[in-house]
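This is run.cif. It holds mmCIF, C-alpha atoms.
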```cif
data_my_file
loop_
_atom_site.label_atom_id
_atom_site.label_comp_id
_atom_site.auth_asym_id
_atom_site.auth_seq_id
_atom_site.Cartn_x
_atom_site.Cartn_y
_atom_site.Cartn_z
CA MET W 1 107.23 89.40 118.84
CA ARG W 2 110.06 88.57 116.47
CA GLU W 3 112.35 91.48 115.78
CA PHE W 4 113.14 92.15 112.16
CA ARG W 5 116.16 94.06 110.97
CA PHE W 6 116.51 94.67 107.27
CA ALA W 7 120.02 95.06 105.90
CA THR W 8 118.88 96.50 102.55
CA PRO W 9 115.84 98.27 101.09
CA GLU W 10 115.28 95.10 99.02
CA GLU W 11 114.95 93.01 102.20
CA ALA W 12 112.49 95.50 103.64
CA GLU W 13 110.50 95.43 100.40
CA ALA W 14 110.43 91.63 100.35
CA ALA W 15 109.06 91.73 103.91
CA PHE W 16 106.44 94.32 102.88
CA TYR W 17 105.05 92.09 100.13
CA GLY W 18 105.51 89.05 102.38
CA ALA W 19 103.30 90.70 105.01
CA PHE W 20 100.72 91.27 102.27
CA ALA W 21 100.85 87.60 101.30
CA SER W 22 100.47 86.40 104.87
CA ARG W 23 98.04 89.21 105.80
CA SER W 24 100.07 89.78 108.92
CA LEU W 25 99.64 93.15 110.58
CA GLU W 26 102.56 92.39 112.90
CA GLU W 27 104.92 91.68 110.01
CA MET W 28 103.63 94.69 108.10
CA MET W 29 104.26 97.11 110.94
CA GLN W 30 107.76 95.69 111.48
CA VAL W 31 108.56 96.97 108.00
CA TRP W 32 107.49 100.53 108.77
CA ALA W 33 109.56 103.07 110.67
CA ALA W 34 107.81 103.87 113.93
CA ASP W 35 107.33 107.60 113.70
CA ASP W 36 104.73 110.28 113.21
CA THR W 37 105.88 111.46 109.80
CA VAL W 38 105.54 108.21 107.86
CA VAL W 39 103.00 108.51 105.05
CA CYS W 40 100.71 105.91 103.47
CA ILE W 41 98.28 106.51 100.62
CA HIS W 42 96.20 103.52 99.58
CA PRO W 43 94.69 103.63 96.07
CA MET W 44 91.93 106.28 96.04
CA GLY W 45 92.29 106.70 99.80
CA PRO W 46 93.20 109.68 101.96
CA ARG W 47 96.76 110.45 102.98
CA LEU W 48 97.47 108.77 106.30
CA THR W 49 100.30 110.04 108.47
CA GLY W 50 101.87 108.35 111.49
CA SER W 51 102.17 104.72 112.50
CA ALA W 52 98.87 104.51 114.36
CA ALA W 53 96.70 105.58 111.43
CA ILE W 54 98.70 103.42 109.04
CA ALA W 55 98.43 100.33 111.27
CA ALA W 56 94.67 100.87 111.52
CA SER W 57 94.38 100.95 107.72
CA TRP W 58 96.30 97.69 107.27
CA ARG W 59 94.23 96.07 110.02
CA GLN W 60 91.14 96.99 108.02
CA ILE W 61 92.61 95.68 104.75
CA PHE W 62 93.84 92.39 106.21
CA GLY W 63 90.60 91.97 108.14
CA GLY W 64 88.53 92.29 104.96
CA GLY W 65 87.02 89.11 103.62
CA GLY W 66 88.37 89.00 100.09
CA GLU W 67 91.42 87.04 99.05
CA MET W 68 94.11 89.03 97.27
CA GLN W 69 97.49 88.32 95.76
CA VAL W 70 99.97 91.10 95.09
CA LYS W 71 102.86 90.39 92.77
CA PRO W 72 105.45 93.20 92.56
CA GLY W 73 107.42 93.75 89.36
CA GLY W 74 109.10 96.30 87.11
CA VAL W 75 111.00 97.98 89.93
CA VAL W 76 112.76 101.28 89.13
CA VAL W 77 115.19 102.28 91.89
CA THR W 78 116.23 105.82 92.84
CA ALA W 79 118.91 105.54 95.49
CA GLY W 80 120.32 108.05 97.94
CA ALA W 81 122.71 107.26 100.78
CA SER W 82 120.06 106.80 103.45
CA LEU W 83 116.83 107.14 101.50
CA VAL W 84 115.88 104.82 98.64
CA LEU W 85 112.82 104.87 96.39
CA HIS W 86 111.30 101.97 94.53
CA SER W 87 108.71 102.57 91.84
CA VAL W 88 106.85 99.26 91.62
CA ASP W 89 104.13 97.80 89.42
CA GLU W 90 101.86 95.79 91.69
CA HIS W 91 99.90 93.15 89.80
CA ILE W 92 96.80 92.44 91.84
CA LEU W 93 94.75 89.26 91.61
CA LEU W 94 91.52 89.22 93.61
CA GLY W 95 89.87 86.05 94.84
CA ASP W 96 87.06 86.44 92.32
CA GLY W 97 89.52 86.43 89.42
CA ARG W 98 89.57 90.18 88.80
CA ARG W 99 92.98 91.62 88.01
CA GLY W 100 94.35 95.10 88.45
CA LEU W 101 97.50 97.16 88.30
CA VAL W 102 98.60 99.48 91.08
CA HIS W 103 101.50 101.92 90.75
CA ALA W 104 103.35 102.03 94.04
CA THR W 105 106.06 104.36 95.25
CA ASN W 106 107.81 102.70 98.18
CA VAL W 107 110.37 104.69 100.15
CA TYR W 108 112.85 103.25 102.64
CA ARG W 109 115.10 104.99 105.14
CA LEU W 110 118.20 103.67 106.88
CA THR W 111 117.38 103.98 110.59
CA ALA W 112 119.05 102.80 113.78
CA ASP W 113 116.90 99.66 113.31
CA GLY W 114 118.01 98.99 109.73
CA TRP W 115 116.07 99.89 106.60
CA ARG W 116 112.43 100.75 107.22
CA MET W 117 109.57 101.91 105.04
CA VAL W 118 108.72 105.59 105.49
CA MET W 119 106.26 105.99 102.63
CA HIS W 120 103.93 103.89 100.51
CA HIS W 121 101.91 105.65 97.82
CA GLY W 122 99.66 103.34 95.81
CA SER W 123 97.36 104.40 92.99
CA PRO W 124 95.30 102.77 90.25
CA GLY W 125 97.52 101.97 87.30
CA GLY W 126 97.18 103.13 83.73
CA ALA W 127 96.63 100.69 80.91
CA ARG W 128 100.30 100.02 80.30
CA GLU W 129 103.75 101.32 81.00
CA GLY W 130 105.15 104.11 78.85
CA GLY W 131 108.82 103.82 78.03
CA ALA W 132 111.27 106.34 76.65
CA GLY W 133 109.71 108.27 73.78
CA ASP W 134 106.34 106.72 74.51
CA ALA W 135 103.71 108.91 76.12
CA GLU W 136 100.54 106.98 75.49
CA GLY W 137 97.55 107.19 77.73
CA PRO W 138 95.69 110.44 78.21
CA PRO W 139 96.45 111.96 81.60
CA VAL W 140 93.07 113.08 82.85
CA VAL W 141 93.88 116.09 84.97
CA HIS W 142 97.64 116.25 85.12
CA MET B 143 117.04 129.18 77.10
CA ARG B 144 117.36 130.49 80.64
CA GLU B 145 119.30 128.17 82.89
CA PHE B 146 117.75 127.46 86.26
CA ARG B 147 119.66 126.25 89.25
CA PHE B 148 117.70 125.44 92.37
CA ALA B 149 119.52 125.77 95.69
CA THR B 150 116.91 123.81 97.66
CA PRO B 151 114.17 121.25 97.01
CA GLU B 152 111.70 123.98 97.97
CA GLU B 153 112.96 126.21 95.14
CA ALA B 154 112.65 123.33 92.68
CA GLU B 155 109.12 122.65 93.91
CA ALA B 156 108.13 126.30 93.57
CA ALA B 157 109.40 126.18 89.98
CA PHE B 158 107.45 122.97 89.33
CA TYR B 159 104.16 124.56 90.38
CA GLY B 160 105.17 127.80 88.67
CA ALA B 161 105.60 125.90 85.40
CA PHE B 162 102.11 124.51 85.92
CA ALA B 163 100.71 128.00 86.42
CA SER B 164 102.41 129.36 83.31
CA ARG B 165 101.88 126.16 81.32
CA SER B 166 105.49 126.35 80.26
CA LEU B 167 107.03 123.13 78.99
CA GLU B 168 110.46 124.77 79.00
CA GLU B 169 110.20 125.77 82.65
CA MET B 170 108.75 122.37 83.58
CA MET B 171 111.60 120.44 82.00
CA GLN B 172 114.18 122.70 83.68
CA VAL B 173 112.87 121.36 86.98
CA TRP B 174 113.41 117.71 86.02
CA ALA B 175 116.75 115.91 86.09
CA ALA B 176 117.71 115.00 82.54
CA ASP B 177 118.11 111.28 82.75
CA ASP B 178 116.52 108.02 81.72
CA THR B 179 115.48 106.85 85.18
CA VAL B 180 113.23 109.75 86.16
CA VAL B 181 109.65 108.62 86.73
CA CYS B 182 106.35 110.44 86.28
CA ILE B 183 102.90 109.03 86.97
CA HIS B 184 99.99 111.35 86.20
CA PRO B 185 96.68 110.57 87.95
CA MET B 186 95.26 107.34 86.47
CA GLY B 187 98.02 107.34 83.83
CA PRO B 188 100.77 104.87 83.01
CA ARG B 189 104.22 105.06 84.54
CA LEU B 190 106.45 107.14 82.30
CA THR B 191 110.21 106.78 82.53
CA GLY B 192 112.87 109.04 81.06
CA SER B 193 112.88 112.72 80.15
CA ALA B 194 111.56 112.28 76.61
CA ALA B 195 108.36 110.47 77.59
CA ILE B 196 107.81 112.84 80.49
CA ALA B 197 108.28 115.96 78.34
CA ALA B 198 105.80 114.56 75.81
CA SER B 199 103.21 114.09 78.56
CA TRP B 200 103.56 117.65 79.83
CA ARG B 201 103.38 118.97 76.27
CA GLN B 202 100.07 117.16 75.93
CA ILE B 203 98.78 118.50 79.26
CA PHE B 204 99.81 122.11 78.63
CA GLY B 205 98.53 121.90 75.06
CA GLY B 206 95.09 120.84 76.24
CA GLY B 207 92.37 123.42 76.03
CA GLY B 208 91.13 123.57 79.59
CA GLU B 209 92.24 126.10 82.16
CA MET B 210 93.57 124.64 85.38
CA GLN B 211 94.92 126.01 88.64
CA VAL B 212 96.98 123.84 90.95
CA LYS B 213 97.47 125.01 94.52
CA PRO B 214 99.91 122.90 96.54
CA GLY B 215 99.48 122.55 100.30
CA GLY B 216 99.88 120.30 103.33
CA VAL B 217 103.47 119.38 102.51
CA VAL B 218 105.05 116.55 104.52
CA VAL B 219 108.82 116.40 104.03
CA THR B 220 111.04 113.31 104.25
CA ALA B 221 114.63 114.45 103.89
CA GLY B 222 117.82 112.57 103.12
CA ALA B 223 121.17 114.17 102.37
CA SER B 224 120.81 114.20 98.60
CA LEU B 225 117.26 112.93 98.10
CA VAL B 226 114.20 114.70 99.49
CA LEU B 227 110.54 113.72 99.29
CA HIS B 228 107.56 116.02 99.50
CA SER B 229 104.10 114.57 100.00
CA VAL B 230 101.79 117.30 98.70
CA ASP B 231 98.04 117.86 98.54
CA GLU B 232 97.32 119.47 95.18
CA HIS B 233 94.07 121.39 95.18
CA ILE B 234 92.91 121.51 91.57
CA LEU B 235 90.50 124.09 90.19
CA LEU B 236 89.39 123.54 86.61
CA GLY B 237 88.19 126.32 84.33
CA ASP B 238 84.62 125.06 84.53
CA GLY B 239 84.60 125.38 88.32
CA ARG B 240 85.13 121.73 89.15
CA ARG B 241 87.48 121.05 92.03
CA GLY B 242 89.59 118.07 92.87
CA LEU B 243 92.31 116.81 95.15
CA VAL B 244 95.42 115.07 93.90
CA HIS B 245 97.93 113.39 96.21
CA ALA B 246 101.41 113.99 94.85
CA THR B 247 104.73 112.50 95.85
CA ASN B 248 107.47 114.77 94.56
CA VAL B 249 111.07 113.65 94.84
CA TYR B 250 114.14 115.85 94.36
CA ARG B 251 117.78 114.92 94.03
CA LEU B 252 120.85 117.08 94.53
CA THR B 253 122.66 116.91 91.19
CA ALA B 254 125.64 118.73 89.69
CA ASP B 255 123.01 121.20 88.41
CA GLY B 256 121.40 121.80 91.80
CA TRP B 257 118.20 120.20 93.07
CA ARG B 258 116.13 118.55 90.36
CA MET B 259 112.91 116.56 90.32
CA VAL B 260 113.45 112.84 89.77
CA MET B 261 109.92 111.63 90.45
CA HIS B 262 106.36 112.91 90.40
CA HIS B 263 103.60 110.49 91.35
CA GLY B 264 100.13 112.02 91.28
CA SER B 265 96.90 110.19 92.07
CA PRO B 266 93.27 111.04 92.75
CA GLY B 267 92.84 112.07 96.36
CA GLY B 268 90.61 110.54 98.96
CA ALA B 269 87.84 112.50 100.59
CA ARG B 270 89.98 113.97 103.35
CA GLU B 271 93.28 113.59 105.10
CA GLY B 272 93.58 111.05 107.89
CA GLY B 273 95.70 112.11 110.84
CA ALA B 274 97.22 110.11 113.64
CA GLY B 275 94.70 107.64 115.04
CA ASP B 276 92.31 108.41 112.22
CA ALA B 277 91.93 105.79 109.51
CA GLU B 278 88.74 106.86 107.78
CA GLY B 279 88.01 106.10 104.17
CA PRO B 280 87.73 102.56 102.91
CA PRO B 281 90.80 101.60 100.90
CA VAL B 282 89.36 99.83 97.88
CA VAL B 283 92.03 97.31 97.04
CA HIS B 284 94.90 98.10 99.34
#
```
Step by step, read the file and then write its structure as structure tokens.
Amino acid sequence: MREFRFATPEEAEAAFYGAFASRSLEEMMQVWAADDTVVCIHPMGPRLTGSAAIAASWRQIFGGGGEMQVKPGGVVVTAGASLVLHSVDEHILLGDGRRGLVHATNVYRLTADGWRMVMHHGSPGGAREGGAGDAEGPPVVH
Amino acid sequence: MREFRFATPEEAEAAFYGAFASRSLEEMMQVWAADDTVVCIHPMGPRLTGSAAIAASWRQIFGGGGEMQVKPGGVVVTAGASLVLHSVDEHILLGDGRRGLVHATNVYRLTADGWRMVMHHGSPGGAREGGAGDAEGPPVVH
């Protein structure tokens, strides 16, 4: 198994979306920190905690039949010294031509093995982004 | 206007859910850092950036007719020195008796004004939480 070591959160994020593109479980799990407190929420899915549950979910996703392209964009960064957040718009293109938007919160931690993902929270996106002074789109519950 | 200063992320989070309970826009916006990079995603809503857009969204939510209780639980903490994440299960009870689960990622930053919220990402919850070795629930897209 190749060993990855990411020098920046951006490198780790590129590897995350690269693993998506290649549907590689091995590459995907090299991005994640290997511990029991990492959290992954797929759109409309339950909250998964710990590497084992998270690996199982990606195995299921990559093993699924449908083709899927994920193009990240519109990144908003919130940086701490050893913990960095990226708010990302994921533009999804399914093999059958359907398109979708997923809002993702990706969190990276500086570990002894370089920067690793410690959280991914994905959810179905609203119609469009709201900027400063722009609060369109009715929030359903809160 | 009362000035709040939160000594811990937990205090800021208690104030966040307290503002929900009292439907107070003033209390809610005291929890948030006042800057243009803060991010709020309400369930199924667009990504809002900046205090003005976020305040407008809460005004709309608190101004809505329906009663709503939000009970946070199952908090998983990911802590950095000046940036702390809480993954929270929000148990929602609407005035008409309907119940729901929202997965929330709440992020707090240590600022010159104490701990403040810099991100809230809420999304409709899956059927139940998956623990280690437990990857139930079909993720729809990813």
Within 10 Å of B:Val218 using all atoms listed in the file, minus same-chain residues under 5 positions, as a PDB file with C-alpha atoms, in the frame of the given file:
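around.pdb written:
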```pdb
ATOM      1  CA  THR W  37     105.880 111.460 109.800  1.00  0.00           C
ATOM      2  CA  VAL W  38     105.540 108.210 107.860  1.00  0.00           C
ATOM      3  CA  VAL W  39     103.000 108.510 105.050  1.00  0.00           C
ATOM      4  CA  THR W  49     100.300 110.040 108.470  1.00  0.00           C
TER       5      THR W  49
ATOM      6  CA  LEU B 227     110.540 113.720  99.290  1.00  0.00           C
ATOM      7  CA  HIS B 228     107.560 116.020  99.500  1.00  0.00           C
ATOM      8  CA  SER B 229     104.100 114.570 100.000  1.00  0.00           C
ATOM      9  CA  VAL B 230     101.790 117.300  98.700  1.00  0.00           C
ATOM     10  CA  ASP B 231      98.040 117.860  98.540  1.00  0.00           C
ATOM     11  CA  THR B 247     104.730 112.500  95.850  1.00  0.00           C
TER      12      THR B 247
END
```
Chain W onto chain B, all Cα, least squares, as a short mmCIF file (atom, residue, chain, number, x, y, z; two decimals) with C-alpha atoms, in the frame of the given file:
```cif
data_model
loop_
_atom_site.label_atom_id
_atom_site.label_comp_id
_atom_site.auth_asym_id
_atom_site.auth_seq_id
_atom_site.Cartn_x
_atom_site.Cartn_y
_atom_site.Cartn_z
CA MET W 1 116.95 129.30 77.15
CA ARG W 2 117.33 130.57 80.69
CA GLU W 3 119.28 128.24 82.92
CA PHE W 4 117.73 127.46 86.26
CA ARG W 5 119.65 126.23 89.26
CA PHE W 6 117.71 125.40 92.38
CA ALA W 7 119.52 125.74 95.69
CA THR W 8 116.91 123.79 97.67
CA PRO W 9 114.17 121.22 97.02
CA GLU W 10 111.69 123.97 97.98
CA GLU W 11 112.96 126.19 95.14
CA ALA W 12 112.65 123.32 92.70
CA GLU W 13 109.12 122.63 93.92
CA ALA W 14 108.13 126.29 93.59
CA ALA W 15 109.40 126.18 89.99
CA PHE W 16 107.44 122.96 89.35
CA TYR W 17 104.14 124.54 90.39
CA GLY W 18 105.18 127.79 88.69
CA ALA W 19 105.61 125.89 85.41
CA PHE W 20 102.11 124.49 85.93
CA ALA W 21 100.72 127.98 86.44
CA SER W 22 102.41 129.37 83.35
CA ARG W 23 101.88 126.15 81.34
CA SER W 24 105.49 126.35 80.27
CA LEU W 25 107.03 123.14 79.02
CA GLU W 26 110.46 124.77 79.02
CA GLU W 27 110.20 125.77 82.67
CA MET W 28 108.76 122.38 83.58
CA MET W 29 111.60 120.44 82.01
CA GLN W 30 114.18 122.70 83.69
CA VAL W 31 112.87 121.35 86.98
CA TRP W 32 113.42 117.71 86.02
CA ALA W 33 116.75 115.92 86.09
CA ALA W 34 117.72 115.01 82.54
CA ASP W 35 118.11 111.27 82.74
CA ASP W 36 116.53 108.01 81.70
CA THR W 37 115.50 106.85 85.16
CA VAL W 38 113.24 109.74 86.15
CA VAL W 39 109.67 108.60 86.73
CA CYS W 40 106.36 110.43 86.27
CA ILE W 41 102.91 109.02 86.97
CA HIS W 42 100.00 111.33 86.20
CA PRO W 43 96.70 110.55 87.95
CA MET W 44 95.28 107.33 86.45
CA GLY W 45 98.02 107.34 83.83
CA PRO W 46 100.77 104.86 83.00
CA ARG W 47 104.22 105.05 84.54
CA LEU W 48 106.45 107.14 82.29
CA THR W 49 110.21 106.77 82.52
CA GLY W 50 112.87 109.05 81.05
CA SER W 51 112.87 112.72 80.15
CA ALA W 52 111.56 112.30 76.61
CA ALA W 53 108.37 110.49 77.58
CA ILE W 54 107.81 112.85 80.50
CA ALA W 55 108.29 115.96 78.34
CA ALA W 56 105.80 114.57 75.82
CA SER W 57 103.20 114.09 78.56
CA TRP W 58 103.55 117.66 79.84
CA ARG W 59 103.38 118.97 76.27
CA GLN W 60 100.06 117.17 75.94
CA ILE W 61 98.76 118.50 79.27
CA PHE W 62 99.81 122.11 78.64
CA GLY W 63 98.54 121.91 75.07
CA GLY W 64 95.08 120.83 76.23
CA GLY W 65 92.36 123.43 76.03
CA GLY W 66 91.09 123.55 79.59
CA GLU W 67 92.21 126.08 82.15
CA MET W 68 93.54 124.64 85.39
CA GLN W 69 94.91 126.00 88.63
CA VAL W 70 96.97 123.85 90.96
CA LYS W 71 97.46 125.02 94.51
CA PRO W 72 99.90 122.90 96.56
CA GLY W 73 99.46 122.56 100.32
CA GLY W 74 99.88 120.30 103.33
CA VAL W 75 103.47 119.37 102.51
CA VAL W 76 105.04 116.53 104.53
CA VAL W 77 108.82 116.38 104.03
CA THR W 78 111.03 113.29 104.26
CA ALA W 79 114.62 114.43 103.90
CA GLY W 80 117.81 112.55 103.13
CA ALA W 81 121.17 114.14 102.39
CA SER W 82 120.80 114.18 98.62
CA LEU W 83 117.27 112.91 98.10
CA VAL W 84 114.21 114.68 99.50
CA LEU W 85 110.54 113.71 99.29
CA HIS W 86 107.55 115.99 99.51
CA SER W 87 104.09 114.55 99.99
CA VAL W 88 101.79 117.29 98.69
CA ASP W 89 98.04 117.86 98.54
CA GLU W 90 97.33 119.46 95.18
CA HIS W 91 94.06 121.38 95.16
CA ILE W 92 92.90 121.51 91.57
CA LEU W 93 90.48 124.08 90.17
CA LEU W 94 89.36 123.52 86.58
CA GLY W 95 88.17 126.30 84.32
CA ASP W 96 84.60 125.03 84.51
CA GLY W 97 84.57 125.37 88.30
CA ARG W 98 85.11 121.71 89.13
CA ARG W 99 87.47 121.06 92.02
CA GLY W 100 89.58 118.06 92.86
CA LEU W 101 92.30 116.80 95.14
CA VAL W 102 95.42 115.06 93.90
CA HIS W 103 97.93 113.37 96.21
CA ALA W 104 101.40 113.99 94.86
CA THR W 105 104.72 112.49 95.84
CA ASN W 106 107.47 114.77 94.56
CA VAL W 107 111.08 113.62 94.83
CA TYR W 108 114.14 115.83 94.36
CA ARG W 109 117.79 114.90 94.02
CA LEU W 110 120.86 117.07 94.53
CA THR W 111 122.68 116.90 91.18
CA ALA W 112 125.65 118.71 89.68
CA ASP W 113 123.02 121.20 88.41
CA GLY W 114 121.41 121.80 91.81
CA TRP W 115 118.21 120.19 93.07
CA ARG W 116 116.13 118.54 90.36
CA MET W 117 112.92 116.55 90.33
CA VAL W 118 113.46 112.83 89.76
CA MET W 119 109.93 111.60 90.44
CA HIS W 120 106.37 112.89 90.41
CA HIS W 121 103.60 110.47 91.35
CA GLY W 122 100.12 112.00 91.27
CA SER W 123 96.90 110.18 92.08
CA PRO W 124 93.25 111.02 92.74
CA GLY W 125 92.83 112.07 96.34
CA GLY W 126 90.60 110.55 98.97
CA ALA W 127 87.82 112.53 100.58
CA ARG W 128 89.98 114.01 103.32
CA GLU W 129 93.27 113.63 105.08
CA GLY W 130 93.61 111.08 107.86
CA GLY W 131 95.72 112.16 110.79
CA ALA W 132 97.25 110.19 113.62
CA GLY W 133 94.75 107.70 115.01
CA ASP W 134 92.36 108.46 112.18
CA ALA W 135 91.97 105.85 109.46
CA GLU W 136 88.77 106.91 107.77
CA GLY W 137 88.04 106.19 104.17
CA PRO W 138 87.75 102.64 102.91
CA PRO W 139 90.82 101.65 100.91
CA VAL W 140 89.39 99.87 97.91
CA VAL W 141 92.05 97.34 97.05
CA HIS W 142 94.95 98.09 99.33
#
```
(request) Would you write out, as an MDAnalysis selection string, every residue that the PyMOL selection byres ((chain B and resi 248) around 10) captures in this file? (result) chainID B and resid 151 155 158 182 219 226:230 245:247 249:250 259:264
(request) Find the residues near B:Val173: any atom within 10 Å, counting only C-alpha atoms, skip ones fewer than 5 places away on the same chain, and give them as a ChimeraX atom specification. (result) /B:146-148,153-159,161,168,250,256-260
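Residues selected in this file by the PyMOL selection byres ((chain B and resi 192) around 9) comprise Gly131, Ala132 and Gly133 of chain W; Ala176, Asp177, Asp178, Thr179, Val180, Val181, Cys182, Leu190, Thr191, Ser193, Ala194, Ala195, Ile196 and Ala197 of chain B.
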(request) Tell me, in Å to one decimal, how far atom CA of B:Trp174 is from atom CA of W:Thr8. (result) 27.4 Å
(message) Let me make sure I understand: among W:Pro43, W:Gly95, W:Gly65, W:Pro72, which one has the smallest atom-to-atom distance to chain B if we use all atoms listed in the file?
(response)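 Result for the nearest residue to chain B: W:Pro43.
Picture a line from atom CA of W:Trp58 to atom CA of W:Ser123; it runs 15.8 Å.
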(request) Using only C-alpha atoms, find the one residue out of B:Ala198, B:Gly187, B:Ala221, B:Ala149 that sits nearest to W:Arg109. (result)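 Checking each of B:Ala198, B:Gly187, B:Ala221, B:Ala149 against W:Arg109, counting only C-alpha atoms, the winner is B:Ala221.
Evaluated on this file, the PyMOL selection byres ((chain B and resi 239-241) around 10) matches Glu209, Met210, Gln211, Val212, His233, Ile234, Leu235, Leu236, Gly237, Asp238, Gly242 and Leu243 of chain B.
Rounded to one decimal, atom CA of B:Ile183 and atom CA of B:Ala223 lie 24.4 Å from each other.
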(request) Could you give me, as a ChimeraX atom specification, the residues within 9 Å of W:Gly18, counting all atoms listed in the file and dropping anything in the same chain fewer than 5 positions from it? (result) /W:13,23-24,27-28
